[in-house]
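Right, one structure below, let's go through it.
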Amino acid sequence: MACFFDYKTRAIMFLRLVVLVCMLVCSFAHLQRFEHPAKADGTLSFLVVGDWGRNGSFNQSQVAHQMGRIGEKLDIDFVISTGDNFYDNGLKGINDPTFEESFTKVYTAKSVQKQWYSVLGNHDYRGDVEAQLSPVLRKIDSRWLCLRSFIVNAEIAEFFFVDTTPFVDKYITDKDHTYNWQGLPSLKTYRTNVLKDLDLALRESSAKWKIVIGHHAIRSAGYHGDTPELINHLLPVLKANNVDLYMNGHDHCLGHVSSQDSPIQFLTSGAGSKAWRGYFNSNYGKALKFFHDGQGFVSVELSQTDARIVFYDVFGEVLHKLSLSKELHSAM
C-alpha cells in the first residue's frame, strides 16, 4: 500500500511538473494583446522616438519639448518608443532613479501624458531587463508599458512589437559587455516562438494598417545599418503578410528606406538624444528616400485610406514627409 501511494504521489508531482512546463512554454508562445481605441472619427495619431534615456542630456529635453508641441497639434493618442530606453546600461532595478530622471521628468508636456508603448533595445539588456518589464514601474508612472513582444490593436491599425535583441548573434559572443537574458527560456526557443506567433497574428489581422516595431533596423543607411539576422528571419514574415511599415531605432538618426520588392517602408527613429555619428551609407541608391544624422522624432497620422508620416528635427522643423494611400472597400 505504501508503494502504491508513493507511486501515486510521484505521478501527481510529475503531472504538475508537465503542466507547469506547458504553462511556461505557452507564456512565451503567445503575444500579449492590448486594446487602444482610435479617435471618435476613426483616425489615429502618434509619435515615435527611440534611443533617448540620458537624463535629459544630449538634447533629449529639447526633443521632448518639440514632441510636446507636435503632440498637442496632432492630438496624439499614444507614443511609441523603439528601444534603448535607458543609457548606457539599462536600469539597475525597479528603484533605479534613472527611470524618473530620464522618463517622467523629461517628457512633461501635457500632450505626451498618454500611453507609451515600448520595446527593449540592446542597451536595455545590459541592465536589469526584468525591471523595465515590471508592473511596478507602471505604478511609478502609469504611462509606461514595456514588454518583450506584444500587440496593440488600435482599430484601424495593429501594431506588432518585436524584441529584436535576442535575434542578434553578436550580443551572445560580445566580450566587452554583459547581456541579461534572464526571463527567456532560451534564445533559440524565443526566436522560434516569436516568429511563429507574429506570422499567425499578422495573418489573422484584419486591420487596415499593419505596423511592426523593433529596436534593430532591417534596412538603414545609418552607422549600424542593416541587421542580417532580421533580413533572414523577420523580413520574410513581414513580406508574406503585407506589412505596411517597419519602424526601428538603434541607429541614432532619422531615416526612410523604401523596399524595392514589397510595399514595406522602413522608418528609422532612433534620434531621441545622442546623435551626429558622422556616418552615412550612400550605397542604397533610389531605395533611400531620406536620411538625417541628427536628433529628432517622427509623427504618424492614420485614417482608413491614408497615412501621413513626418520626420522632425530637434527644433521641430519638418525634414521629410511620406504619404501612403489605400483603397477603401465598402461592404456589399
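Letters A, B, ... go to the chains of the C-alpha cells in the order shown; residues in each chain start at 1; ligands are counted from 1 in the same order.
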| message | According to DSSP computed on the backbone, where in segment 133-241 of chain A is there strand (DSSP E)? Give the residues as an MDAnalysis selection string. | response | chainID A and resid 144:146 150:153 157:162 209:214
| Neighbours of Lys188 of chain A within 12 Å (only C-alpha atoms; same-chain residues fewer than 6 positions away dropped), as number ranges by chain? | A: 28, 166-169, 172, 181, 194-195
With N, CA, C and O atoms retained, could you export that selection as a short mmCIF file (atom, residue, chain, number, x, y, z; two decimals), in the first residue's frame?
```
data_model
loop_
_atom_site.label_atom_id
_atom_site.label_comp_id
_atom_site.auth_asym_id
_atom_site.auth_seq_id
_atom_site.Cartn_x
_atom_site.Cartn_y
_atom_site.Cartn_z
N PHE A 28 5.42 32.00 -23.45
CA PHE A 28 6.32 32.61 -24.41
C PHE A 28 5.83 32.38 -25.84
O PHE A 28 6.42 32.86 -26.79
N PRO A 166 17.32 39.61 -28.88
CA PRO A 166 17.67 38.19 -28.84
C PRO A 166 17.93 37.57 -30.21
O PRO A 166 18.45 36.44 -30.28
N PHE A 167 17.60 38.27 -31.29
CA PHE A 167 17.86 37.75 -32.63
C PHE A 167 19.29 38.00 -33.09
O PHE A 167 19.76 37.35 -34.02
N VAL A 168 19.98 38.96 -32.47
CA VAL A 168 21.28 39.41 -32.97
C VAL A 168 22.40 38.61 -32.32
O VAL A 168 22.65 38.70 -31.12
N ASP A 169 23.10 37.83 -33.14
CA ASP A 169 24.09 36.87 -32.63
C ASP A 169 25.27 37.52 -31.93
O ASP A 169 25.84 36.94 -31.00
N ILE A 172 25.55 37.65 -28.11
CA ILE A 172 25.81 36.41 -27.39
C ILE A 172 27.32 36.23 -27.18
O ILE A 172 27.77 35.72 -26.15
N TRP A 181 19.97 37.86 -20.16
CA TRP A 181 18.94 37.09 -20.85
C TRP A 181 17.94 36.49 -19.87
O TRP A 181 17.18 35.58 -20.23
N VAL A 194 8.49 33.62 -31.28
CA VAL A 194 8.10 34.97 -31.70
C VAL A 194 7.78 35.00 -33.18
O VAL A 194 6.77 35.57 -33.61
N LEU A 195 8.63 34.41 -34.00
CA LEU A 195 8.39 34.40 -35.44
C LEU A 195 7.11 33.65 -35.78
O LEU A 195 6.32 34.09 -36.63
#
```
| query | Which polymer residues have any atom within 7 Å of an atom of Thr227 of chain A, counting only C-alpha atoms, with same-chain residues fewer than 4 positions away left out, as an MDAnalysis selection string? | reply | chainID A and resid 216:218 231
With N, CA, C and O atoms retained, could you export that selection as a PDB file, in the first residue's frame?
```
ATOM      1  N   HIS A 216      16.086  47.040 -33.643  1.00  0.00           N
ATOM      2  CA  HIS A 216      17.117  46.990 -34.681  1.00  0.00           C
ATOM      3  C   HIS A 216      16.525  47.195 -36.069  1.00  0.00           C
ATOM      4  O   HIS A 216      15.403  46.787 -36.353  1.00  0.00           O
ATOM      5  N   ALA A 217      17.320  47.799 -36.930  1.00  0.00           N
ATOM      6  CA  ALA A 217      16.872  48.088 -38.289  1.00  0.00           C
ATOM      7  C   ALA A 217      16.905  46.836 -39.154  1.00  0.00           C
ATOM      8  O   ALA A 217      17.783  45.982 -39.007  1.00  0.00           O
ATOM      9  N   ILE A 218      15.959  46.757 -40.059  1.00  0.00           N
ATOM     10  CA  ILE A 218      16.071  45.793 -41.156  1.00  0.00           C
ATOM     11  C   ILE A 218      16.839  46.446 -42.283  1.00  0.00           C
ATOM     12  O   ILE A 218      17.797  45.883 -42.814  1.00  0.00           O
ATOM     13  N   ILE A 231      16.956  40.388 -41.578  1.00  0.00           N
ATOM     14  CA  ILE A 231      16.717  40.213 -43.011  1.00  0.00           C
ATOM     15  C   ILE A 231      16.417  38.745 -43.314  1.00  0.00           C
ATOM     16  O   ILE A 231      15.524  38.422 -44.106  1.00  0.00           O
TER      17      ILE A 231
END
```
| Residues within 6 Å of Arg126 of chain A, only C-alpha atoms, excluding chain neighbours under 5 positions, as a list of chain:residue names |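 In the requested format, the answer is A:Asn89, A:Gly90, A:Thr178, A:Tyr179, A:Asn180.
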| task | Fewer than 4 positions away in the same chain doesn't count, so skip those; otherwise give me all residues within 12 Å of His177 of chain A, counting only C-alpha atoms, as a list in words. | result | Asp88, Asn89, Asn122, His123, Asp124, Tyr125, Arg126, Gly127, Lys170, Tyr171, Ile172 and Thr173 of chain A
Quick one: which segment 95-150 of chain A residues come within 7 Å of segment 47-62 of chain A, and what is the nearest atom pair for each with the distance in Å to one decimal, counting only C-alpha atoms, rows ordered by chain and ascending number, as CSV?
```
residue,atom,partner,partner_atom,distance
A:Glu101,CA,A:Asn55,CA,5.2
A:Ser102,CA,A:Asn55,CA,4.1
A:Phe103,CA,A:Gly53,CA,6.9
A:Val106,CA,A:Ser61,CA,5.9
```
| as a PyMOL selection string, which residues of segment 69-263 of chain A does DSSP assign to alpha helix (DSSP H)? | chain A and resi 69-74+98-99+129-133+136-140+170-173+187-204+228-233+235-240
Could you turn the residues from that selection into a file that holds N, CA and C atoms, as a short mmCIF file (atom, residue, chain, number, x, y, z; two decimals), in the first residue's frame?
```cif
data_model
loop_
_atom_site.label_atom_id
_atom_site.label_comp_id
_atom_site.auth_asym_id
_atom_site.auth_seq_id
_atom_site.Cartn_x
_atom_site.Cartn_y
_atom_site.Cartn_z
N ARG A 69 5.02 69.78 -28.36
CA ARG A 69 4.38 70.77 -29.24
C ARG A 69 3.64 70.09 -30.39
N ILE A 70 4.31 69.17 -31.05
CA ILE A 70 3.69 68.47 -32.17
C ILE A 70 2.57 67.54 -31.67
N GLY A 71 2.80 66.94 -30.52
CA GLY A 71 1.78 66.06 -29.94
C GLY A 71 0.48 66.79 -29.67
N GLU A 72 0.59 68.02 -29.21
CA GLU A 72 -0.61 68.83 -28.97
C GLU A 72 -1.30 69.20 -30.28
N LYS A 73 -0.51 69.55 -31.26
CA LYS A 73 -1.05 69.94 -32.56
C LYS A 73 -1.83 68.80 -33.20
N LEU A 74 -1.32 67.58 -33.06
CA LEU A 74 -1.93 66.42 -33.70
C LEU A 74 -2.92 65.69 -32.80
N THR A 98 16.99 56.44 -12.39
CA THR A 98 17.12 56.74 -13.81
C THR A 98 15.78 56.72 -14.52
N PHE A 99 14.88 55.87 -14.07
CA PHE A 99 13.56 55.78 -14.71
C PHE A 99 12.85 57.13 -14.69
N VAL A 129 16.78 43.70 -17.08
CA VAL A 129 15.71 43.69 -18.07
C VAL A 129 14.34 43.54 -17.40
N GLU A 130 14.27 42.66 -16.42
CA GLU A 130 13.00 42.40 -15.76
C GLU A 130 12.44 43.65 -15.08
N ALA A 131 13.32 44.56 -14.68
CA ALA A 131 12.88 45.81 -14.05
C ALA A 131 12.06 46.64 -15.04
N GLN A 132 12.55 46.76 -16.29
CA GLN A 132 11.81 47.54 -17.28
C GLN A 132 10.46 46.91 -17.61
N LEU A 133 10.38 45.60 -17.48
CA LEU A 133 9.14 44.89 -17.80
C LEU A 133 8.18 44.85 -16.61
N VAL A 136 5.66 47.30 -11.58
CA VAL A 136 5.98 48.27 -10.54
C VAL A 136 6.26 49.64 -11.16
N LEU A 137 6.92 49.65 -12.32
CA LEU A 137 7.22 50.92 -12.98
C LEU A 137 5.94 51.62 -13.43
N ARG A 138 4.91 50.86 -13.74
CA ARG A 138 3.64 51.47 -14.14
C ARG A 138 2.95 52.15 -12.97
N LYS A 139 3.29 51.70 -11.77
CA LYS A 139 2.74 52.37 -10.58
C LYS A 139 3.48 53.69 -10.33
N ILE A 140 4.75 53.74 -10.73
CA ILE A 140 5.52 54.98 -10.61
C ILE A 140 5.08 55.98 -11.67
N LYS A 170 25.66 38.72 -32.33
CA LYS A 170 26.88 39.30 -31.78
C LYS A 170 26.76 39.61 -30.29
N TYR A 171 25.54 39.77 -29.79
CA TYR A 171 25.39 40.04 -28.36
C TYR A 171 25.67 38.80 -27.51
N ILE A 172 25.55 37.65 -28.11
CA ILE A 172 25.81 36.41 -27.39
C ILE A 172 27.32 36.23 -27.18
N THR A 173 28.10 36.67 -28.15
CA THR A 173 29.55 36.48 -28.10
C THR A 173 30.31 37.73 -27.67
N LEU A 187 17.37 31.46 -26.13
CA LEU A 187 17.30 32.39 -27.25
C LEU A 187 16.69 31.73 -28.48
N LYS A 188 17.05 30.47 -28.72
CA LYS A 188 16.53 29.76 -29.88
C LYS A 188 15.03 29.58 -29.77
N THR A 189 14.57 29.16 -28.59
CA THR A 189 13.13 28.97 -28.37
C THR A 189 12.38 30.27 -28.51
N TYR A 190 12.95 31.34 -27.95
CA TYR A 190 12.28 32.63 -28.02
C TYR A 190 12.13 33.08 -29.47
N ARG A 191 13.20 32.99 -30.24
CA ARG A 191 13.15 33.41 -31.64
C ARG A 191 12.09 32.62 -32.41
N THR A 192 12.11 31.31 -32.24
CA THR A 192 11.16 30.45 -32.94
C THR A 192 9.73 30.80 -32.60
N ASN A 193 9.46 30.97 -31.31
CA ASN A 193 8.10 31.27 -30.87
C ASN A 193 7.62 32.63 -31.37
N VAL A 194 8.49 33.62 -31.28
CA VAL A 194 8.10 34.97 -31.70
C VAL A 194 7.78 35.00 -33.18
N LEU A 195 8.63 34.41 -34.00
CA LEU A 195 8.39 34.40 -35.44
C LEU A 195 7.11 33.65 -35.78
N LYS A 196 6.89 32.51 -35.13
CA LYS A 196 5.69 31.72 -35.39
C LYS A 196 4.44 32.49 -35.01
N ASP A 197 4.45 33.11 -33.84
CA ASP A 197 3.25 33.79 -33.36
C ASP A 197 3.05 35.13 -34.04
N LEU A 198 4.13 35.78 -34.44
CA LEU A 198 4.00 37.01 -35.22
C LEU A 198 3.36 36.69 -36.57
N ASP A 199 3.82 35.64 -37.22
CA ASP A 199 3.26 35.24 -38.51
C ASP A 199 1.77 34.94 -38.37
N LEU A 200 1.40 34.21 -37.33
CA LEU A 200 -0.01 33.87 -37.12
C LEU A 200 -0.84 35.13 -36.85
N ALA A 201 -0.33 36.01 -36.00
CA ALA A 201 -1.07 37.24 -35.66
C ALA A 201 -1.25 38.14 -36.87
N LEU A 202 -0.21 38.23 -37.69
CA LEU A 202 -0.31 39.06 -38.90
C LEU A 202 -1.31 38.48 -39.89
N ARG A 203 -1.30 37.16 -40.03
CA ARG A 203 -2.22 36.50 -40.96
C ARG A 203 -3.67 36.68 -40.52
N GLU A 204 -3.88 36.68 -39.21
CA GLU A 204 -5.24 36.80 -38.68
C GLU A 204 -5.71 38.24 -38.59
N PRO A 228 21.52 41.58 -40.47
CA PRO A 228 21.40 40.35 -41.28
C PRO A 228 20.42 39.34 -40.70
N GLU A 229 20.42 39.18 -39.36
CA GLU A 229 19.52 38.19 -38.75
C GLU A 229 18.05 38.54 -38.98
N LEU A 230 17.75 39.84 -38.98
CA LEU A 230 16.36 40.25 -39.23
C LEU A 230 16.00 40.14 -40.70
N ILE A 231 16.96 40.39 -41.58
CA ILE A 231 16.72 40.21 -43.01
C ILE A 231 16.42 38.75 -43.31
N ASN A 232 17.14 37.86 -42.66
CA ASN A 232 16.99 36.43 -42.93
C ASN A 232 15.74 35.82 -42.29
N HIS A 233 15.37 36.30 -41.11
CA HIS A 233 14.30 35.64 -40.36
C HIS A 233 13.02 36.45 -40.22
N LEU A 235 12.19 39.59 -41.90
CA LEU A 235 11.70 40.22 -43.13
C LEU A 235 10.80 39.31 -43.95
N PRO A 236 11.12 38.02 -44.13
CA PRO A 236 10.20 37.16 -44.90
C PRO A 236 8.80 37.09 -44.31
N VAL A 237 8.69 37.16 -42.98
CA VAL A 237 7.38 37.14 -42.33
C VAL A 237 6.62 38.43 -42.65
N LEU A 238 7.32 39.55 -42.64
CA LEU A 238 6.67 40.83 -42.94
C LEU A 238 6.20 40.89 -44.39
N LYS A 239 7.04 40.41 -45.30
CA LYS A 239 6.67 40.42 -46.72
C LYS A 239 5.48 39.51 -46.99
N ALA A 240 5.46 38.36 -46.35
CA ALA A 240 4.40 37.39 -46.60
C ALA A 240 3.05 37.86 -46.09
#
```
| field | Contacts of Ser258 of chain A at 8 Å (only C-alpha atoms; same-chain gap of 4+ positions) as a VMD selection string | value | chain A and resid 263 to 266 287 to 289
How about saving the chosen residues, all heavy atoms kept, as a PDB file, in the first residue's frame?
```pdb
ATOM      1  N   PRO A 263       5.634  46.383 -50.493  1.00  0.00           N
ATOM      2  CA  PRO A 263       5.118  47.705 -50.104  1.00  0.00           C
ATOM      3  C   PRO A 263       5.734  48.260 -48.818  1.00  0.00           C
ATOM      4  O   PRO A 263       5.416  49.380 -48.412  1.00  0.00           O
ATOM      5  CB  PRO A 263       3.621  47.454 -49.903  1.00  0.00           C
ATOM      6  CG  PRO A 263       3.342  46.106 -50.477  1.00  0.00           C
ATOM      7  CD  PRO A 263       4.603  45.336 -50.358  1.00  0.00           C
ATOM      8  N   ILE A 264       6.599  47.498 -48.161  1.00  0.00           N
ATOM      9  CA  ILE A 264       7.101  47.899 -46.843  1.00  0.00           C
ATOM     10  C   ILE A 264       7.956  49.157 -46.923  1.00  0.00           C
ATOM     11  O   ILE A 264       8.845  49.277 -47.766  1.00  0.00           O
ATOM     12  CB  ILE A 264       7.931  46.769 -46.202  1.00  0.00           C
ATOM     13  CG1 ILE A 264       7.122  45.481 -46.116  1.00  0.00           C
ATOM     14  CG2 ILE A 264       8.402  47.172 -44.809  1.00  0.00           C
ATOM     15  CD1 ILE A 264       7.951  44.284 -45.662  1.00  0.00           C
ATOM     16  N   GLN A 265       7.685  50.079 -45.981  1.00  0.00           N
ATOM     17  CA  GLN A 265       8.523  51.254 -45.793  1.00  0.00           C
ATOM     18  C   GLN A 265       9.303  51.061 -44.498  1.00  0.00           C
ATOM     19  O   GLN A 265       8.708  50.784 -43.455  1.00  0.00           O
ATOM     20  CB  GLN A 265       7.677  52.523 -45.724  1.00  0.00           C
ATOM     21  CG  GLN A 265       6.765  52.729 -46.918  1.00  0.00           C
ATOM     22  CD  GLN A 265       7.510  52.860 -48.232  1.00  0.00           C
ATOM     23  OE1 GLN A 265       8.509  53.578 -48.326  1.00  0.00           O
ATOM     24  NE2 GLN A 265       7.057  52.144 -49.252  1.00  0.00           N
ATOM     25  N   PHE A 266      10.623  51.216 -44.557  1.00  0.00           N
ATOM     26  CA  PHE A 266      11.485  51.042 -43.386  1.00  0.00           C
ATOM     27  C   PHE A 266      11.819  52.425 -42.817  1.00  0.00           C
ATOM     28  O   PHE A 266      12.470  53.237 -43.481  1.00  0.00           O
ATOM     29  CB  PHE A 266      12.766  50.301 -43.773  1.00  0.00           C
ATOM     30  CG  PHE A 266      12.516  48.941 -44.369  1.00  0.00           C
ATOM     31  CD1 PHE A 266      12.573  48.755 -45.749  1.00  0.00           C
ATOM     32  CD2 PHE A 266      12.211  47.859 -43.562  1.00  0.00           C
ATOM     33  CE1 PHE A 266      12.336  47.504 -46.304  1.00  0.00           C
ATOM     34  CE2 PHE A 266      11.980  46.600 -44.099  1.00  0.00           C
ATOM     35  CZ  PHE A 266      12.042  46.417 -45.478  1.00  0.00           C
ATOM     36  N   ALA A 287      16.528  53.500 -53.324  1.00  0.00           N
ATOM     37  CA  ALA A 287      15.738  52.973 -52.205  1.00  0.00           C
ATOM     38  C   ALA A 287      15.762  53.916 -51.010  1.00  0.00           C
ATOM     39  O   ALA A 287      14.824  53.949 -50.215  1.00  0.00           O
ATOM     40  CB  ALA A 287      16.254  51.595 -51.791  1.00  0.00           C
ATOM     41  N   LEU A 288      16.836  54.689 -50.876  1.00  0.00           N
ATOM     42  CA  LEU A 288      16.957  55.632 -49.771  1.00  0.00           C
ATOM     43  C   LEU A 288      16.207  56.912 -50.110  1.00  0.00           C
ATOM     44  O   LEU A 288      16.556  57.636 -51.035  1.00  0.00           O
ATOM     45  CB  LEU A 288      18.427  55.945 -49.483  1.00  0.00           C
ATOM     46  CG  LEU A 288      18.684  56.924 -48.333  1.00  0.00           C
ATOM     47  CD1 LEU A 288      18.189  56.349 -47.011  1.00  0.00           C
ATOM     48  CD2 LEU A 288      20.171  57.256 -48.238  1.00  0.00           C
ATOM     49  N   LYS A 289      15.170  57.203 -49.323  1.00  0.00           N
ATOM     50  CA  LYS A 289      14.341  58.376 -49.566  1.00  0.00           C
ATOM     51  C   LYS A 289      14.718  59.556 -48.686  1.00  0.00           C
ATOM     52  O   LYS A 289      14.431  60.699 -49.039  1.00  0.00           O
ATOM     53  CB  LYS A 289      12.868  58.010 -49.338  1.00  0.00           C
ATOM     54  CG  LYS A 289      12.374  56.834 -50.176  1.00  0.00           C
ATOM     55  CD  LYS A 289      12.546  57.084 -51.656  1.00  0.00           C
ATOM     56  CE  LYS A 289      12.038  55.912 -52.485  1.00  0.00           C
ATOM     57  NZ  LYS A 289      12.240  56.131 -53.943  1.00  0.00           N
TER      58      LYS A 289
END
```
| field | Which residue of A:Leu324, A:Val257, A:Val79, A:Val212 approaches Asp306 of chain A most closely, using only C-alpha atoms | value |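 Under the stated criterion, the closest residue is A:Leu324.
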| request: Go ahead and compute the interatomic distance for atom CA of Asp176 of chain A and atom CA of Gly255 of chain A, in Å to one decimal. | output: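 Going from atom CA of Asp176 of chain A over to atom CA of Gly255 of chain A, I get 28.7 Å.
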| task | Provide the atom CA of Phe34 of chain A to atom CA of Val152 of chain A distance in Å, to one decimal place. | result |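 Atom CA of Val152 of chain A lies at a distance of 4.8 Å from atom CA of Phe34 of chain A.
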